[in-house]
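Here the structure is laid out as structure tokens; the discussion comes afterwards.
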Amino acid sequence: MADKNAYEWIRDGQATLGIECGSTRIKAILIGPDHSVLAAGGHTWENTLVDGLWSYSLTEVHEGVQHAYATLVADVNEKYGLTPTCYTSIGISAMMHGYLAFDAQKKQLVPFRTWRNVSTGPAAAQLSELFGINIPMRWSIAHLHQAVLNNEEHVARIASINTLAGYVHELLTGQHVLGIGDASGMFPIDSRTYTYDERCLDAYDTLMAGEPYTWKLRDLLPQVLVAGQDAGKLTKSGALLLDPTGQLQAGIQMCPPEGDAGTGMVATHAVAPRTGNVSAGTSIFAMIVLEKALTRLHMEVDPVTTPDGSPVAMVHSNNGASELDVWAKVFAQFSEYAGIHMSMEDIYTLLYTRALSGAPDGGGLLAYNLLSGEPVIGVDAGRPLLMRLPDADFSLADLMRTQLMTVFAPIRMGMNILTDEGVELDRLLAHGGIFKTAGVAQKILADALRTPIAVGETAGEGGAWGIAVLARYAAVRAENQTLLEYLDNDVFVDEDVTVIEPHEADADAYESYLSRYMRGTAITRTAAQYS
């Protein structure tokens, strides 16, 4: 019966499509009216250094989105014997922040500068002081203003700027719009008016008054939309971009494009005040929905919003599970050389499960997963490192547990600030591929934060499922439910979650590891100077 329902939903255009451009994978998800996953597709890609900055080419974006969609269609063909041609709605999500700049003819002016770059320190510092709000180096306004400070030639020709999600959405619809959660990673948002902060816009115009540019910042930024609002429809050219075979119909409703932080909050049912989530992928971040705005400026905490505009404190770490992926690939190579074929899923499960038997304090090992700079801990350049005491028990279990503990260390440092501000949580949910192996990363995170961690059935689906839910919400908004009501009443009404409480002794052991970790950051700075 389930397959029959899925067949009819897809045949009749009642399924909803979500696509998320993550840091290492573009994922496409098809969900039914009951929000279950009907089919999935994906495309693997990697950022590259262009002129010393992390980037993806727009050709890679176009081809990656096409390939992810094509593999989803192939999955539908294999499972149900038909080709989808229409959907109730479509949603686009992508990694937040970064800098995509275009001229009046929509020509890209400089290569895409992603969130991973930490070359905007002077601009971020100047703007943070000007606005009285933390402006992280990842934010689009920091990238733009650094280009101004650098006197880059392209700045005079800018007609619009965007994030990756906004760019893909504009390709598909022709609309220069952005969901409020993603927009809050471009420029400060006023959660009372659900748009850019007018005080900060005015302050920036005043700052730029003496510069020889004809543009105003208001004219460059995408229009801000909140969850459920109409964000345009799929055009004929957009349909052909997604599906060059021409079978996908134009005219499909699109929801506001969102960032991966916002879709992660939706995927973990964490958009209400006093809730939060931890999203772990190439980067890792904690999003805490606030009852009220923070009272002090904290350079380690980003002021962003939920997809429906509520204020959020975001603690972001540039480095997540990528170094774990490198170790997994090394062990995969070893198994192949030994003539033992194991799937990557089995390798991850084996390694992660073995980590639970490792020493809770790392057993004399110390690791840094820093592929790029990490502002939260004051490190400007990434150098992955693994160190051990001469008498340490250098076992597989200790190695993997140390690598997992290291992933969560910067987030813990940022969360300390929120605790000092009196921020209280009713629940903290986690999602992302690192949590697919039941009870492993979840337990280590609970010990690291001294907080109960919940993981739901959708933990491994992540942002692609979250943006599909937002797209379906936009399609059924006529029911006049708020986003929170929709998630409570329709999406997570039968939510099945597992909760792991922190273990006191293991949490104490993590404190010991964290103390060594913070003292050792000087080693990573020295390594960056000499390598």
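A note on labels: chains of the structure tokens are A, B, ... as shown, every chain counts residues from 1, and ligands are counted from 1 in their shown order.
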
Can you tell me, as an NGL selection string, what residues are no more than 9 Å from His298 in chain A when counting only C-alpha atoms, ignoring any on the same chain fewer than 3 positions away? :A and (133-134 or 294 or 301-302 or 417)

Please produce a file of the residues just selected, as a PDB file, in the first residue's frame, where the atoms kept are N, CA and C atoms.
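The resulting file, result-v9.pdb, is reproduced below:
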ATOM      1  N   ILE A 133      27.058  44.777  16.434  1.00  0.00           N
ATOM      2  CA  ILE A 133      26.565  43.408  16.246  1.00  0.00           C
ATOM      3  C   ILE A 133      27.719  42.589  15.698  1.00  0.00           C
ATOM      4  N   ASN A 134      27.864  41.355  16.151  1.00  0.00           N
ATOM      5  CA  ASN A 134      28.923  40.517  15.632  1.00  0.00           C
ATOM      6  C   ASN A 134      28.705  40.241  14.153  1.00  0.00           C
ATOM      7  N   LEU A 294      20.339  38.416  22.868  1.00  0.00           N
ATOM      8  CA  LEU A 294      21.436  38.476  23.826  1.00  0.00           C
ATOM      9  C   LEU A 294      21.707  39.930  24.217  1.00  0.00           C
ATOM     10  N   VAL A 301      29.549  34.389  18.686  1.00  0.00           N
ATOM     11  CA  VAL A 301      28.154  33.997  18.486  1.00  0.00           C
ATOM     12  C   VAL A 301      27.544  34.844  17.369  1.00  0.00           C
ATOM     13  N   ASP A 302      26.914  34.197  16.406  1.00  0.00           N
ATOM     14  CA  ASP A 302      26.280  34.899  15.290  1.00  0.00           C
ATOM     15  C   ASP A 302      24.808  35.155  15.605  1.00  0.00           C
ATOM     16  N   ILE A 417      29.518  30.503  26.301  1.00  0.00           N
ATOM     17  CA  ILE A 417      29.108  31.914  26.295  1.00  0.00           C
ATOM     18  C   ILE A 417      27.605  32.030  26.498  1.00  0.00           C
TER      19      ILE A 417
END

Can you tell me, as a PyMOL selection string, which residues in range 8-180 of chain A count as strand (DSSP E or B) by DSSP? chain A and resi 16-21+25-31+37-44+48-50+53-55+89-94+99-102+108+113+160-162+177-179

Could you pull out the alpha helix (DSSP H) residues of range 200-298 of chain A, going by DSSP on the backbone, and write them as a PyMOL selection string? chain A and resi 200-207+217-220+236-242+260-267

Just to be explicit: take each residue in the selection above, keep N, CA and C atoms, and write the result as an mmCIF file, in the first residue's frame.
data_model
loop_
_atom_site.group_PDB
_atom_site.id
_atom_site.type_symbol
_atom_site.label_atom_id
_atom_site.label_comp_id
_atom_site.auth_asym_id
_atom_site.auth_seq_id
_atom_site.Cartn_x
_atom_site.Cartn_y
_atom_site.Cartn_z
ATOM 1 N N CYS A 200 21.389 49.455 10.620
ATOM 2 C CA CYS A 200 22.672 49.007 10.094
ATOM 3 C C CYS A 200 22.840 49.392 8.626
ATOM 4 N N LEU A 201 21.757 49.324 7.852
ATOM 5 C CA LEU A 201 21.830 49.763 6.458
ATOM 6 C C LEU A 201 22.211 51.239 6.370
ATOM 7 N N ASP A 202 21.587 52.051 7.208
ATOM 8 C CA ASP A 202 21.902 53.483 7.212
ATOM 9 C C ASP A 202 23.351 53.722 7.628
ATOM 10 N N ALA A 203 23.811 52.967 8.633
ATOM 11 C CA ALA A 203 25.188 53.122 9.090
ATOM 12 C C ALA A 203 26.177 52.758 7.984
ATOM 13 N N TYR A 204 25.848 51.734 7.217
ATOM 14 C CA TYR A 204 26.753 51.356 6.136
ATOM 15 C C TYR A 204 26.755 52.389 5.017
ATOM 16 N N ASP A 205 25.583 52.938 4.697
ATOM 17 C CA ASP A 205 25.520 53.995 3.680
ATOM 18 C C ASP A 205 26.369 55.193 4.098
ATOM 19 N N THR A 206 26.318 55.526 5.375
ATOM 20 C CA THR A 206 27.122 56.645 5.877
ATOM 21 C C THR A 206 28.604 56.329 5.764
ATOM 22 N N LEU A 207 28.972 55.104 6.117
ATOM 23 C CA LEU A 207 30.371 54.694 6.013
ATOM 24 C C LEU A 207 30.874 54.785 4.579
ATOM 25 N N LEU A 217 23.678 49.642 -0.742
ATOM 26 C CA LEU A 217 23.628 48.251 -0.313
ATOM 27 C C LEU A 217 22.223 47.678 -0.429
ATOM 28 N N ARG A 218 21.210 48.483 -0.138
ATOM 29 C CA ARG A 218 19.820 48.015 -0.232
ATOM 30 C C ARG A 218 19.509 47.452 -1.608
ATOM 31 N N ASP A 219 20.135 48.016 -2.634
ATOM 32 C CA ASP A 219 19.839 47.606 -4.002
ATOM 33 C C ASP A 219 20.565 46.322 -4.398
ATOM 34 N N LEU A 220 21.604 45.963 -3.656
ATOM 35 C CA LEU A 220 22.379 44.769 -3.984
ATOM 36 C C LEU A 220 21.807 43.514 -3.365
ATOM 37 N N LYS A 236 10.396 28.146 -17.518
ATOM 38 C CA LYS A 236 10.755 27.149 -18.529
ATOM 39 C C LYS A 236 12.262 26.931 -18.566
ATOM 40 N N SER A 237 13.022 28.018 -18.494
ATOM 41 C CA SER A 237 14.480 27.868 -18.508
ATOM 42 C C SER A 237 14.966 27.187 -17.231
ATOM 43 N N GLY A 238 14.285 27.465 -16.118
ATOM 44 C CA GLY A 238 14.643 26.809 -14.869
ATOM 45 C C GLY A 238 14.360 25.321 -14.911
ATOM 46 N N ALA A 239 13.224 24.944 -15.494
ATOM 47 C CA ALA A 239 12.878 23.533 -15.621
ATOM 48 C C ALA A 239 13.900 22.803 -16.487
ATOM 49 N N LEU A 240 14.353 23.446 -17.553
ATOM 50 C CA LEU A 240 15.340 22.831 -18.431
ATOM 51 C C LEU A 240 16.712 22.744 -17.759
ATOM 52 N N LEU A 241 17.001 23.713 -16.884
ATOM 53 C CA LEU A 241 18.259 23.633 -16.146
ATOM 54 C C LEU A 241 18.258 22.411 -15.232
ATOM 55 N N LEU A 242 17.159 22.195 -14.519
ATOM 56 C CA LEU A 242 17.062 21.032 -13.636
ATOM 57 C C LEU A 242 17.000 19.741 -14.438
ATOM 58 N N ASP A 260 21.563 26.161 5.029
ATOM 59 C CA ASP A 260 21.576 24.850 5.668
ATOM 60 C C ASP A 260 21.322 24.921 7.166
ATOM 61 N N ALA A 261 21.585 26.070 7.780
ATOM 62 C CA ALA A 261 21.282 26.192 9.209
ATOM 63 C C ALA A 261 19.775 26.159 9.440
ATOM 64 N N GLY A 262 19.034 26.909 8.639
ATOM 65 C CA GLY A 262 17.581 26.946 8.793
ATOM 66 C C GLY A 262 16.931 25.625 8.464
ATOM 67 N N THR A 263 17.389 24.966 7.400
ATOM 68 C CA THR A 263 16.788 23.674 7.052
ATOM 69 C C THR A 263 17.129 22.617 8.094
ATOM 70 N N GLY A 264 18.300 22.763 8.712
ATOM 71 C CA GLY A 264 18.644 21.852 9.802
ATOM 72 C C GLY A 264 17.727 22.035 10.997
ATOM 73 N N MET A 265 17.334 23.272 11.282
ATOM 74 C CA MET A 265 16.407 23.519 12.391
ATOM 75 C C MET A 265 15.052 22.890 12.114
ATOM 76 N N VAL A 266 14.597 22.998 10.869
ATOM 77 C CA VAL A 266 13.327 22.375 10.501
ATOM 78 C C VAL A 266 13.440 20.854 10.602
ATOM 79 N N ALA A 267 14.545 20.301 10.102
ATOM 80 C CA ALA A 267 14.713 18.850 10.090
ATOM 81 C C ALA A 267 14.769 18.258 11.487
#

Proximity of range 420-483 of chain A to range 499-519 of chain A: per-residue shortest pair, 12 Å limit, only C-alpha atoms, as JSON lines:
{"residue": "A:Arg427", "atom": "CA", "partner": "A:Val499", "partner_atom": "CA", "distance": 9.6}
{"residue": "A:Leu428", "atom": "CA", "partner": "A:Val499", "partner_atom": "CA", "distance": 9.5}
{"residue": "A:Leu429", "atom": "CA", "partner": "A:Val499", "partner_atom": "CA", "distance": 8.8}
{"residue": "A:Ala430", "atom": "CA", "partner": "A:Val499", "partner_atom": "CA", "distance": 10.1}
{"residue": "A:Ala438", "atom": "CA", "partner": "A:Ile500", "partner_atom": "CA", "distance": 10.5}
{"residue": "A:Gly439", "atom": "CA", "partner": "A:Ile500", "partner_atom": "CA", "distance": 7.5}
{"residue": "A:Val440", "atom": "CA", "partner": "A:Ile500", "partner_atom": "CA", "distance": 9.9}
{"residue": "A:Ala441", "atom": "CA", "partner": "A:Ile500", "partner_atom": "CA", "distance": 10.4}
{"residue": "A:Gln442", "atom": "CA", "partner": "A:Ile500", "partner_atom": "CA", "distance": 7.0}
{"residue": "A:Lys443", "atom": "CA", "partner": "A:Ile500", "partner_atom": "CA", "distance": 6.1}
{"residue": "A:Ile444", "atom": "CA", "partner": "A:Pro502", "partner_atom": "CA", "distance": 8.3}
{"residue": "A:Leu445", "atom": "CA", "partner": "A:Pro502", "partner_atom": "CA", "distance": 8.4}
{"residue": "A:Ala446", "atom": "CA", "partner": "A:Pro502", "partner_atom": "CA", "distance": 4.8}
{"residue": "A:Asp447", "atom": "CA", "partner": "A:Ala507", "partner_atom": "CA", "distance": 4.4}
{"residue": "A:Ala448", "atom": "CA", "partner": "A:Tyr510", "partner_atom": "CA", "distance": 6.0}
{"residue": "A:Leu449", "atom": "CA", "partner": "A:Ala507", "partner_atom": "CA", "distance": 8.0}
{"residue": "A:Arg450", "atom": "CA", "partner": "A:Pro502", "partner_atom": "CA", "distance": 5.4}
{"residue": "A:Thr451", "atom": "CA", "partner": "A:Pro502", "partner_atom": "CA", "distance": 6.1}
{"residue": "A:Pro452", "atom": "CA", "partner": "A:Glu501", "partner_atom": "CA", "distance": 4.4}
{"residue": "A:Ile453", "atom": "CA", "partner": "A:Ile500", "partner_atom": "CA", "distance": 5.5}
{"residue": "A:Ala454", "atom": "CA", "partner": "A:Val499", "partner_atom": "CA", "distance": 4.3}
{"residue": "A:Val455", "atom": "CA", "partner": "A:Val499", "partner_atom": "CA", "distance": 6.5}
{"residue": "A:Gly456", "atom": "CA", "partner": "A:Val499", "partner_atom": "CA", "distance": 8.8}
{"residue": "A:Glu457", "atom": "CA", "partner": "A:Val499", "partner_atom": "CA", "distance": 11.9}

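The smallest atom-to-atom distance between Phe492 in chain A and any of A:Arg113, A:Gly382, A:Glu421, A:His35, using only C-alpha atoms, is found for A:His35.
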